[in-house]
$ cat run.cif   # mmCIF, C-alpha atoms
data_run
loop_
_atom_site.label_atom_id
_atom_site.label_comp_id
_atom_site.auth_asym_id
_atom_site.auth_seq_id
_atom_site.Cartn_x
_atom_site.Cartn_y
_atom_site.Cartn_z
CA MET A 1 31.66 42.45 -19.81
CA ALA A 2 28.57 42.26 -17.61
CA HIS A 3 28.98 42.08 -13.88
CA THR A 4 26.74 39.68 -11.92
CA THR A 5 25.70 40.78 -8.46
CA PRO A 6 25.86 38.28 -5.60
CA ALA A 7 22.05 38.30 -5.36
CA VAL A 8 21.63 37.45 -9.06
CA ALA A 9 24.28 34.72 -8.85
CA ARG A 10 22.52 33.22 -5.80
CA MET A 11 19.16 33.31 -7.63
CA VAL A 12 20.67 31.53 -10.65
CA ARG A 13 22.21 28.84 -8.38
CA ASN A 14 18.92 28.37 -6.52
CA ASN A 15 16.92 28.10 -9.76
CA ARG A 16 19.37 25.51 -11.13
CA ALA A 17 19.21 23.52 -7.88
CA GLU A 18 15.39 23.55 -7.96
CA ARG A 19 15.32 22.32 -11.58
CA GLU A 20 17.76 19.52 -10.71
CA ARG A 21 15.66 18.55 -7.69
CA ASP A 22 12.50 18.48 -9.80
CA GLN A 23 14.31 16.36 -12.41
CA ALA A 24 15.22 13.82 -9.69
CA PHE A 25 11.48 13.11 -9.32
CA SER A 26 10.85 12.51 -13.04
CA ALA A 27 10.64 8.69 -12.69
CA LEU A 28 8.15 8.93 -9.80
CA ILE A 29 6.08 11.50 -11.67
CA ALA A 30 6.01 9.33 -14.80
CA SER A 31 5.10 6.25 -12.75
CA PRO A 32 3.88 7.11 -9.21
CA HIS A 33 4.72 4.66 -6.42
CA ALA A 34 1.80 2.32 -5.71
CA PHE A 35 1.64 1.75 -1.97
CA ASP A 36 -0.03 -1.46 -0.88
CA ALA A 37 -3.68 -1.41 0.22
CA ILE A 38 -3.85 -0.05 3.76
CA ALA A 39 -6.32 -1.39 6.32
CA ALA A 40 -7.46 0.84 9.18
CA GLY A 41 -4.85 1.13 11.91
CA ASN A 42 -1.95 0.07 9.67
CA THR A 43 1.13 1.46 7.94
CA THR A 44 2.18 0.74 4.36
CA ALA A 45 4.47 -2.23 3.86
CA THR A 46 5.73 -0.98 0.48
CA ASN A 47 7.63 2.28 0.76
CA PHE A 48 10.03 4.33 -1.36
CA GLN A 49 12.94 6.71 -0.83
CA LEU A 50 12.79 10.36 -1.78
CA PRO A 51 15.21 10.92 -4.67
CA ALA A 52 15.78 14.52 -3.54
CA ARG A 53 14.72 16.96 -0.84
CA ALA A 54 11.09 18.03 -1.40
CA ARG A 55 7.97 19.33 0.25
CA LEU A 56 5.20 16.73 0.17
CA ALA A 57 1.44 17.10 0.16
CA MET A 58 -1.52 14.73 0.42
CA ALA A 59 -5.15 14.45 -0.65
CA PHE A 60 -7.93 11.93 -0.09
CA ASP A 61 -11.18 11.36 -1.98
CA ALA A 62 -13.29 11.45 1.19
CA ALA A 63 -13.50 13.92 4.07
CA LEU A 64 -10.89 13.32 6.78
CA ASP A 65 -10.88 14.03 10.49
CA PRO A 66 -7.66 15.48 11.95
CA GLU A 67 -4.78 13.00 12.00
CA ASP A 68 -6.60 10.26 10.03
CA VAL A 69 -3.49 9.96 7.84
CA THR A 70 0.18 10.41 8.70
CA VAL A 71 2.96 10.64 6.13
CA THR A 72 6.31 9.68 7.65
CA MET A 73 9.68 10.38 6.07
CA ALA A 74 11.94 8.06 8.09
CA GLY A 75 15.60 8.83 8.13
CA ALA A 76 14.72 12.51 8.13
CA ASP A 77 12.64 12.14 11.31
CA MET A 78 9.89 14.11 9.65
CA LYS A 79 6.19 13.42 9.48
CA PHE A 80 2.95 15.27 9.04
CA SER A 81 -0.72 14.52 9.55
CA ASN A 82 -3.80 16.03 8.01
CA PRO A 83 -6.00 18.66 9.58
CA SER A 84 -9.75 18.31 9.07
CA LEU A 85 -10.03 18.07 5.26
CA LEU A 86 -12.85 18.07 2.74
CA ALA A 87 -12.75 15.40 0.04
CA ASP A 88 -10.15 16.04 -2.69
CA THR A 89 -8.51 18.91 -0.81
CA ILE A 90 -4.71 19.04 -0.96
CA HIS A 91 -2.89 19.50 2.34
CA ARG A 92 0.69 20.78 2.06
CA GLY A 93 2.88 18.97 4.55
CA SER A 94 6.51 18.88 5.56
CA VAL A 95 9.81 18.83 3.70
CA GLY A 96 11.52 15.46 3.50
CA GLY A 97 15.22 15.01 2.91
CA GLU A 98 16.89 13.11 0.11
CA GLY A 99 16.92 9.38 0.84
CA ALA A 100 14.14 9.54 3.45
CA THR A 101 11.89 6.47 3.35
CA VAL A 102 8.25 7.50 2.86
CA SER A 103 5.44 5.51 4.48
CA ILE A 104 1.74 6.17 5.03
CA THR A 105 -0.15 5.36 8.24
CA ARG A 106 -3.94 5.15 8.35
CA ALA A 107 -5.64 5.75 11.70
CA VAL A 108 -8.29 3.34 13.00
CA GLY A 109 -11.26 5.66 12.25
CA CYS A 110 -10.07 6.76 8.81
CA PRO A 111 -12.59 6.04 6.01
CA ALA A 112 -11.91 3.82 3.01
CA GLY A 113 -10.96 5.52 -0.24
CA ALA A 114 -8.15 6.68 -2.53
CA PHE A 115 -5.06 8.47 -1.16
CA THR A 116 -2.72 10.60 -3.28
CA LEU A 117 0.79 11.78 -2.35
CA TYR A 118 2.30 14.79 -4.13
CA MET A 119 5.63 16.57 -4.32
CA ILE A 120 5.51 20.33 -4.76
CA ASP A 121 7.81 21.47 -7.55
CA ALA A 122 9.75 24.73 -7.97
CA GLN A 123 6.72 26.42 -9.56
CA GLY A 124 4.43 25.33 -6.70
CA LEU A 125 2.67 22.66 -8.76
CA HIS A 126 1.43 19.49 -7.04
CA LEU A 127 2.81 16.48 -8.92
CA ILE A 128 1.58 12.97 -8.04
CA ILE A 129 4.37 10.68 -6.79
CA GLY A 130 2.38 8.04 -4.91
CA THR A 131 -1.06 6.49 -4.55
CA ALA A 132 -2.73 4.12 -2.10
CA THR A 133 -6.09 2.48 -1.58
CA PHE A 134 -7.48 2.48 1.93
CA SER A 135 -9.41 -0.78 2.09
CA ALA A 136 -12.79 -1.11 3.81
#
$ encode --input "run.cif" --output "structure tokens"
Amino acid sequence: MAHTTPAVARMVRNNRAERERDQAFSALIASPHAFDAIAAGNTTATNFQLPARARLAMAFDAALDPEDVTVTMAGADMKFSNPSLLADTIHRGSVGGEGATVSITRAVGCPAGAFTLYMIDAQGLHLIIGTATFSA
């Protein structure tokens, strides 16, 4: 009979937990949350709860100045803002806890355009879980 070392057993448990976490996002990946249109200086009115703990990331179709966009994960007291970003560049943000309510805040000087929110899966892939339009 084969003997499993503690390190191998821990790796198997971690891999299983990561697959289960990724599976929890399957509905959001199949149909990403559509945040409401966001005017400059406002926060989304339509939010969603994270189905599992995950690291989030964001991208925007126009260049952003630092802190033009803030992703808040209420309930987990976590948030992150963008650094200076080129158009369509993905910025990896913070980890949000299961059940945290996700909202997006657009700063006053932030340009109009299309915002994309991602979760980063166990393989490091960026999977779209939310979208928003920043109105003019």
$ resolve_selection --input "run.cif" --expression "the PyMOL selection byres ((chain A and resi 106-118) around 8)" --output "JSON, numbers by chain"
{"A": [38, 39, 40, 41, 42, 43, 56, 57, 58, 59, 60, 61, 62, 64, 65, 67, 68, 69, 70, 104, 105, 119, 120, 126, 127, 128, 129, 130, 131, 132, 133, 134, 135, 136]}
$ resolve_selection --input "run.cif" --expression "the PyMOL selection byres ((chain A and resi 96) around 10)" --output "PyMOL selection string"
chain A and resi 49-50+52-56+72-79+93-95+97-102+119
$ closest_residue --input "run.cif" --among "A:Val8, A:Asn47, A:Gly124, A:Ala37" --to "Arg92 of chain A" --atoms "only C-alpha atoms"
A:Gly124
$ atom_distance --input "run.cif" --atom1 "atom CA of Met11 of chain A" --atom2 "atom CA of Phe25 of chain A"
21.7 Å
$ atom_distance --input "run.cif" --atom1 "atom CA of Thr46 of chain A" --atom2 "atom CA of His33 of chain A"
9.0 Å
$ atom_distance --input "run.cif" --atom1 "atom CA of Arg21 of chain A" --atom2 "atom CA of Phe48 of chain A"
16.6 Å
$ closest_residue --input "run.cif" --among "A:Thr44, A:Gln123, A:Ser31, A:Asn82" --to "Arg19 of chain A" --atoms "all atoms listed in the file"
A:Gln123
$ residues_around --input "run.cif" --residues "Ala45 of chain A" --least-positions-apart "3" --cutoff "8 Å" --atoms "only C-alpha atoms" --output "list in words"
Phe35, Asp36 and Ser103 of chain A
$ resolve_selection --input "run.cif" --expression "the PyMOL selection byres ((chain A and resi 86) around 7)" --output "PyMOL selection string"
chain A and resi 62-64+85+87-89
$ closest_residue --input "run.cif" --among "A:Val71, A:Ile90, A:Ala30, A:Ala122" --to "Glu18 of chain A" --atoms "only C-alpha atoms"
A:Ala122
